[in-house]
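Trainee: One structure follows; several queries about it will come next.
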Amino acid sequence: MKIKEKKNIYEGLITESLSHGMFKVQLENKNFILGYVSGKIRRNFIRLLPGDKVKIEVSCYDSTKGRIIFRLRNKN
């Protein structure tokens, strides 16, 4: 039986849109990481733009990259 690795989930703000579904995300603690779009967001055609708040899943092995798993609603 495989043991799944523990992933940390953070909230962040998309600051820059890069090519191939990659984004530069600023976390709550002011660190920047590279985020890529998960398959569920890609499959449901959810658009992500700079200024959107997102939840990002970061592996404990590489803390410079993460997978964007959820786009949070705006207050407006």
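As shown in the structure tokens, the chain order sets the letters A, B, ...; within each chain, residues go from 1, and ligands are also counted from 1 in the order they appear.
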Env of region 30-40 of chain A: 7 Å cut, atoms = only C-alpha atoms, seq-sep filter 6 positions within chain, self excluded. Answer as a ChimeraX atom specification.
Mentor: /A:21-24,64-69
Trainee: Hey, what's within 10 Å of Lys55 (chain A) if we count only C-alpha atoms and toss same-chain stuff fewer than 2 positions away? As JSON, numbers by chain, please?
Mentor: {"A": [9, 10, 11, 12, 13, 25, 27, 53, 57, 58, 66, 67, 68, 69, 70, 71, 72]}
Trainee: Taking only C-alpha atoms into account, name the residue in A:Arg73, A:Met1, A:Asn8, A:Asn29 that is nearest to Gly51 (chain A).
Mentor: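 Looking only at the distances to Gly51 (chain A), the closest residue turns out to be A:Arg73.
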Trainee: Separation of CA of Thr15 (chain A) and CA of Arg43 (chain A), in Å?
Mentor: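 Taking CA of Thr15 (chain A) and CA of Arg43 (chain A), their separation equals 22.8 Å.
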Trainee: Go ahead and compute the interatomic distance for CA of Ile14 (chain A) and CA of Ile56 (chain A), in Å to one decimal.
Mentor: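 CA of Ile56 (chain A) lies 10.4 Å from CA of Ile14 (chain A).
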Trainee: Rank A:Asn44, A:Asn74, A:Gln26, A:Tyr61 by their smallest atom-to-atom distance to Glu5 (chain A), using only C-alpha atoms, and report the top residue only.
Mentor: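 Using only C-alpha atoms, the shortest distance to Glu5 (chain A) belongs to A:Tyr61.
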Trainee: When DSSP works through the backbone of this structure, what residues of chain A end up as strand (DSSP E or B), shown as an MDAnalysis selection string?
Mentor: chainID A and resid 7:17 22:27 32:37 53:59 65:71
Trainee: Would you save the residues of that selection, restricted to C-alpha atoms, as a PDB file, in the first residue's frame?
Mentor:
ATOM      1  CA  LYS A   7       0.792  18.551   0.809  1.00  0.00           C
ATOM      2  CA  ASN A   8       0.505  22.027   2.282  1.00  0.00           C
ATOM      3  CA  ILE A   9      -2.342  24.256   1.099  1.00  0.00           C
ATOM      4  CA  TYR A  10      -1.851  28.028   1.074  1.00  0.00           C
ATOM      5  CA  GLU A  11      -3.829  31.021  -0.144  1.00  0.00           C
ATOM      6  CA  GLY A  12      -2.170  33.434  -2.511  1.00  0.00           C
ATOM      7  CA  LEU A  13      -2.622  36.170  -5.071  1.00  0.00           C
ATOM      8  CA  ILE A  14      -1.786  35.753  -8.764  1.00  0.00           C
ATOM      9  CA  THR A  15       0.639  38.518  -9.703  1.00  0.00           C
ATOM     10  CA  GLU A  16       1.760  37.515 -13.200  1.00  0.00           C
ATOM     11  CA  SER A  17       0.524  35.236 -15.961  1.00  0.00           C
ATOM     12  CA  MET A  22       1.797  28.880 -15.356  1.00  0.00           C
ATOM     13  CA  PHE A  23       1.414  31.773 -12.937  1.00  0.00           C
ATOM     14  CA  LYS A  24       3.565  33.653 -10.466  1.00  0.00           C
ATOM     15  CA  VAL A  25       1.742  33.535  -7.121  1.00  0.00           C
ATOM     16  CA  GLN A  26       2.456  35.650  -4.040  1.00  0.00           C
ATOM     17  CA  LEU A  27       1.627  33.772  -0.843  1.00  0.00           C
ATOM     18  CA  PHE A  32       6.649  34.084  -4.549  1.00  0.00           C
ATOM     19  CA  ILE A  33       6.201  30.622  -6.053  1.00  0.00           C
ATOM     20  CA  LEU A  34       5.479  29.249  -9.517  1.00  0.00           C
ATOM     21  CA  GLY A  35       1.982  27.811  -9.807  1.00  0.00           C
ATOM     22  CA  TYR A  36       0.476  25.657 -12.541  1.00  0.00           C
ATOM     23  CA  VAL A  37      -3.182  24.960 -13.242  1.00  0.00           C
ATOM     24  CA  LYS A  53      -7.024  34.914  -5.081  1.00  0.00           C
ATOM     25  CA  VAL A  54      -6.343  31.182  -5.292  1.00  0.00           C
ATOM     26  CA  LYS A  55      -5.654  28.145  -3.140  1.00  0.00           C
ATOM     27  CA  ILE A  56      -2.382  26.486  -4.038  1.00  0.00           C
ATOM     28  CA  GLU A  57      -1.101  23.043  -3.050  1.00  0.00           C
ATOM     29  CA  VAL A  58       2.647  22.891  -2.376  1.00  0.00           C
ATOM     30  CA  SER A  59       4.668  19.719  -2.008  1.00  0.00           C
ATOM     31  CA  LYS A  65       6.366  25.143  -7.257  1.00  0.00           C
ATOM     32  CA  GLY A  66       2.725  24.413  -6.578  1.00  0.00           C
ATOM     33  CA  ARG A  67      -0.558  23.365  -8.151  1.00  0.00           C
ATOM     34  CA  ILE A  68      -3.457  25.828  -8.232  1.00  0.00           C
ATOM     35  CA  ILE A  69      -6.485  23.848  -7.054  1.00  0.00           C
ATOM     36  CA  PHE A  70      -9.178  26.485  -6.403  1.00  0.00           C
ATOM     37  CA  ARG A  71     -10.038  30.064  -7.420  1.00  0.00           C
TER      38      ARG A  71
END
